[in-house]
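Enquirer: One structure follows; several queries about it will come next.
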Amino acid sequence: MALIEVATLEKTFEFDGVATRVLKGITFGIEKGEFVAIMGPSGSGKSTLLHILGLLDDITRGTYFFDGQSVEQMDELAQAAFRNQRMGFVFQAFNLLSRISVMDNVKLPLAYSKVPEKTWNNVAFQSLQAVGLEHRIDYQPTRLSGGERQRAAIARALVNNPEVIFADEPTGNLDSKSGEHVMGILDGLNKKLKHTIILVTHDVNIAKYAHRVIKIKDGQIESDKHH
Amino acid sequence: MKIRYSVKTAFHGLKASKSRSLLTILGIVIGITGIMLIVSIGSGAEKLILTEIGGLGADTIVIRPGQEPTGPSDIAQTLFSDSIKKRDLVALSKKSNVPDLETMAPVVFVSGGASFGGETYSPTIFGWSAEFMGNTLNIYPEQGEYFGDAEISDRASVAVIGAKVKEELFGDVDPLGKYITIKNHKFRVMAVLPKKGQLLFFNVDEVVIIPYTTAQTYITGTDYYQEILAKARSADVVDIAVVDITRTLRELHNISDPSKDDFYVETQQGLATQVQTIIQVLTIFLTSVVAISLVVGGIGVMNIMLVSVSERVKEIGLRKAVGATKSDISKQFLLEAIMLTGAGGAIGIFLGTMLSLLSAVVLAKGLNLNWNFSFPLVGALLGFGVSLLVGVVFGLYPAKKAAEKTAIEALRYE
Ligand SMILES: Nc1ncnc2c1ncn2[C@@H]1O[C@H](COP(=O)(O)OP(=O)(O)OP(=O)(O)O)[C@@H](O)[C@H]1O
Ligand SMILES: [Mg+2]
């Protein structure tokens with residue numbers, strides 16, 4: 001069985017009594033170590049799919065197995081532990097806490113893990129080194145450039161050494177140079193450290209880093225190609 | 001999640017909006033300060049009154065003329081009742097009537113000034129027995145000797161004076177053997193009392209005591225007493241003595257209907273219980289008034305916690321995204337609420353201690369009361385416990401609300 005297996009996955013949002021069907025039956029599997037790009041027009045349901053895969057949102061219908069375990073059958077605690085230990089999420093909007101330092105932001109997932117507190121500084125520092133931000137640990141996120149902020153967010157996603165990193169348009173808010181820097185880091189994580197990477201993007205140049213592109217249109221898979 | 005980290009996080013959360021946090025806990029601070037003050041002043045007053053009553057001793061019995069006063073307006077009738085006279089004193093002294101009494105001394109109130117040389121002063125003047133006063137209150141003369149039964153039966157013109165009286169009338173002159181004038185009658189000063197301040201119903205320093213027989217004969221011209229103070233053999237036989245006294249006086253006054261009694265008997269025990277009850281009722285009443293301010297303060301805390309939750313929805317979403325559970329999130333906000341009210345409680349305890357210390361100093365120095373400050377430990381523990389409880393009660397709802405959104409709902413929140 002693949003690391004990630006979804007079948008006939010559906011998602012419907014209810015808002016003010018109006019139901020919007022966003023995902024209309026999605027089936028695919030992703031193996032350990034893959035680098036997958038999810039592409040498609042705006043509003044096609046890419047972010048929704050990634051949130052479901054990252055256990056940030058729930059499924060309306062269909063099945064999702066992560067490493068052989070049925071996600072629907074996990075309780076809230078088990079899902080939180082999966083998000084904490086086995087998955088890392090990188091958002092387009094960074095989502096760093098502006099009140100606390102870069103270092104403390106990176107430590108955040110450690111706070112909800114079983115990692116002993118006295119090692120947090122070390123672990124977080126290594127993570128920041130991996131994205132080349134070791135000289136910015138005491139900065140507030142508001143003093144960082146966009147590219148630096150996204151690298152801090154990647155360091156945070158990496159800190160518990162998860163198997164999968166989900167990234168929703170990680171370069172969407174960045175200029176092309178910082179975008180390439182960020183992609184270089186993700187590429188290295190995949191090639192050297194064998195992290196599975198699932199990335200949503202509009203940009204064909206970004207998609208080139210991936211070995212496989214799943215195209216979504218109107219809540220369904222349009223194509224799924226390896227290269 | 002680790003408790004140390006949780007506390008640190010909650011602390012950072014509160015520090016981020018310092019002035020708001022301070023304003024929020026003001027209600028709690030005021031409430032806890034109030035509790036501390038009430039408990040401290042209440043127990044101080046209780047102690048003061050009880051030691052003053054205790055100064056008379058549990059074996060002391062007071063017999064007064066007239067009907068037992070039920071309100072302040074009845075006190076006047078006691079002063080002018082003439083039902084307790086020498087024959088009552090004689091009857092009560094008989095061992096066959098009241099076997100358990102040891103000593104007795106009537107009190108006659110005298111009004112008027114005292115003078116020496118060119119100096120005049122208005123002391124509190126009692127026709128009494130200086131010996132009896134000294135023995136019951138455990139006050140021993142600073143100078144000279146007390147007068148006793150011999151001077152009383154001789155109607156001797158002698159006086160014992162308080163420290164302030166000495167200072168006002170004599171200054172640096174030695175008063176022993178000198179004569180002071182009260183209502184044109186001269187009294188030889190036999191003794192000077194030590195400085196004691198307010199004790200019981202009078203200020204020892206401002207008193208002049210003369211034999212009650214002398215007072216009646218040369219000054220008031222009356223034949224009745226304002227009260228008789230008696231000492232039982234021990235505190236255990238006070239109740240029996242009271243029964244005997246009552247029976248003796250009723251027989252003497254030909255009273256068969258107790259509601260027609262023209263005298264009443266007081267013991268210190270009854271008084272002490274009454275005082276304790278009144279103070280406890282007052283303390284409970286005032287504390288419940290203050291409790292309302294704590295509820296109001298708690299609602300303020302809840303309000304601010306709700307604001308804080310909605311301001312930090314994104315933070316909540318992010319924490320969930322990186323692995324926080326619902327209970328991690330509610331614990332964090334609950335902890336913030338408890339730290340908020342706990343800090344309020346701590347500040348309140350500090351302020352309450354300072355204010356009760358201050359009021360103790362004012363009461364002791366300003367009003368010359370024998371007031372002792374003691375740290376209101378019960379008030380402090382109660383106040384701190386209550387403030388933590390307020391945090392839990394009023395923090396629970398915001399904390400639950402913080403946890404209920406899914407990670408992505410929270411992250412999308414604008
Ligand atoms: N909470 C929600 N309630 C209602 N509708 C929603 C909700 N979240 C997403 N949608 C709808 O689902 C559809 C897909 O949204 P999604 O964010 O997945 O698109 P996307 O493919 O990521 O688009 P983009 O490329 O612009 O980011 C949209 O039409 C959006 O309006
Ligand atoms: Mg999107």
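Starting from 1 in every chain, residues are counted up; chains themselves are A, B, ... following the order of the structure tokens, and ligands are numbered from 1 as listed.
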Quick one: residues within 12 Å of Ser178 in chain A, only C-alpha atoms, excluding same-chain residues fewer than 2 positions away - as a list in words?
Expert: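 Everything that qualifies: Ser145, Gly146, Gly147, Glu148, Arg149, Gln150, Arg151, Pro170, Thr171, Gly172, Asn173, Leu174, Asp175, Ser176, Glu180, His181, Val182, Met183, Gly184 and Ile185 of chain A.
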Enquirer: Quick one: everything within 10 Å of Ser21 in chain B, counting only C-alpha atoms, minus sequence neighbours fewer than 3 positions away in the same chain. Send it as a PyMOL selection string.
Expert: chain B and resi 13-18+24-26+301+304-305+337+340-341+343-344
Enquirer: Could you tell me, counting only C-alpha atoms and all ligand atoms, which protein and nucleic acid residues lie no more than 9 Å from ligand 1, written as a VMD selection string?
Expert: (chain A and resid 11 to 15 18 to 23 39 to 51 168 to 169 200 to 202 216 to 219) or (chain B and resid 408 to 409 412)
Enquirer: Would you pick out the contacts of Glu266 in chain B at 8 Å or less, using only C-alpha atoms, so that residues sharing its chain but fewer than 3 positions from it are not included, and give the list as a PyMOL selection string?
Expert: chain B and resi 61-63+270-271
Enquirer: Dump as a PyMOL selection string the residues of chain A that approach chain B to within 9 Å, counting only C-alpha atoms.
Expert: chain A and resi 51+54-58+76-77+79-85+87-89+95-97+99-100+108-114+117+156-157
Enquirer: Go ahead and compute the interatomic distance for CA of Leu369 in chain B and CA of Asn203 in chain B, in Å to one decimal.
Expert: 10.1 Å
Enquirer: Tell me which protein, DNA and RNA residues are within 10 Å of Pro99 in chain B, counting only C-alpha atoms, leaving out same-chain ones fewer than 2 positions away, and put them as a list in words.
Expert: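 Contacts, in chain order: Leu92, Ser93, Lys94, Lys95, Ser96, Asn97, Leu101, Glu102, Ala232, Arg233, Val237, Ile240, Ala241, Asp244 and Ile245 of chain B.
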Enquirer: Suppose you want the space between CA of Ser101 in chain A and CA of Val115 in chain A; what is it in Å?
Expert: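 Between these atoms lies a distance of 19.9 Å.
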Enquirer: Find the residues near Asn190 in chain A: any atom within 7 Å, counting only C-alpha atoms, skip ones fewer than 6 places away on the same chain, and give them as a compact mmCIF listing (two decimals) with all heavy atoms, in the first residue's frame.
Expert:
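Saved file part.txt follows:
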```txt
# COMPACT_ATOMS: atom_id res chain seq x y z
N GLY A 33 8.52 9.07 -0.59
CA GLY A 33 9.65 9.61 -1.33
C GLY A 33 9.28 10.32 -2.61
O GLY A 33 10.15 10.86 -3.29
N PHE A 35 7.77 13.25 -5.13
CA PHE A 35 7.66 14.72 -5.16
C PHE A 35 6.56 15.03 -6.15
O PHE A 35 6.75 14.90 -7.36
CB PHE A 35 8.99 15.34 -5.59
CG PHE A 35 9.08 16.84 -5.38
CD1 PHE A 35 10.31 17.44 -5.09
CD2 PHE A 35 7.96 17.68 -5.49
CE1 PHE A 35 10.42 18.82 -4.89
CE2 PHE A 35 8.06 19.04 -5.30
CZ PHE A 35 9.29 19.61 -4.99
N THR A 196 8.76 12.93 1.54
CA THR A 196 7.73 12.98 0.52
C THR A 196 7.23 14.42 0.46
O THR A 196 6.99 15.03 1.49
CB THR A 196 6.57 12.05 0.90
OG1 THR A 196 7.10 10.78 1.22
CG2 THR A 196 5.55 11.96 -0.22
N ILE A 197 7.12 14.97 -0.76
CA ILE A 197 6.68 16.35 -0.86
C ILE A 197 5.47 16.45 -1.78
O ILE A 197 5.48 15.91 -2.90
CB ILE A 197 7.83 17.25 -1.34
CG1 ILE A 197 8.87 17.31 -0.20
CG2 ILE A 197 7.31 18.65 -1.69
CD1 ILE A 197 10.04 18.16 -0.46
```
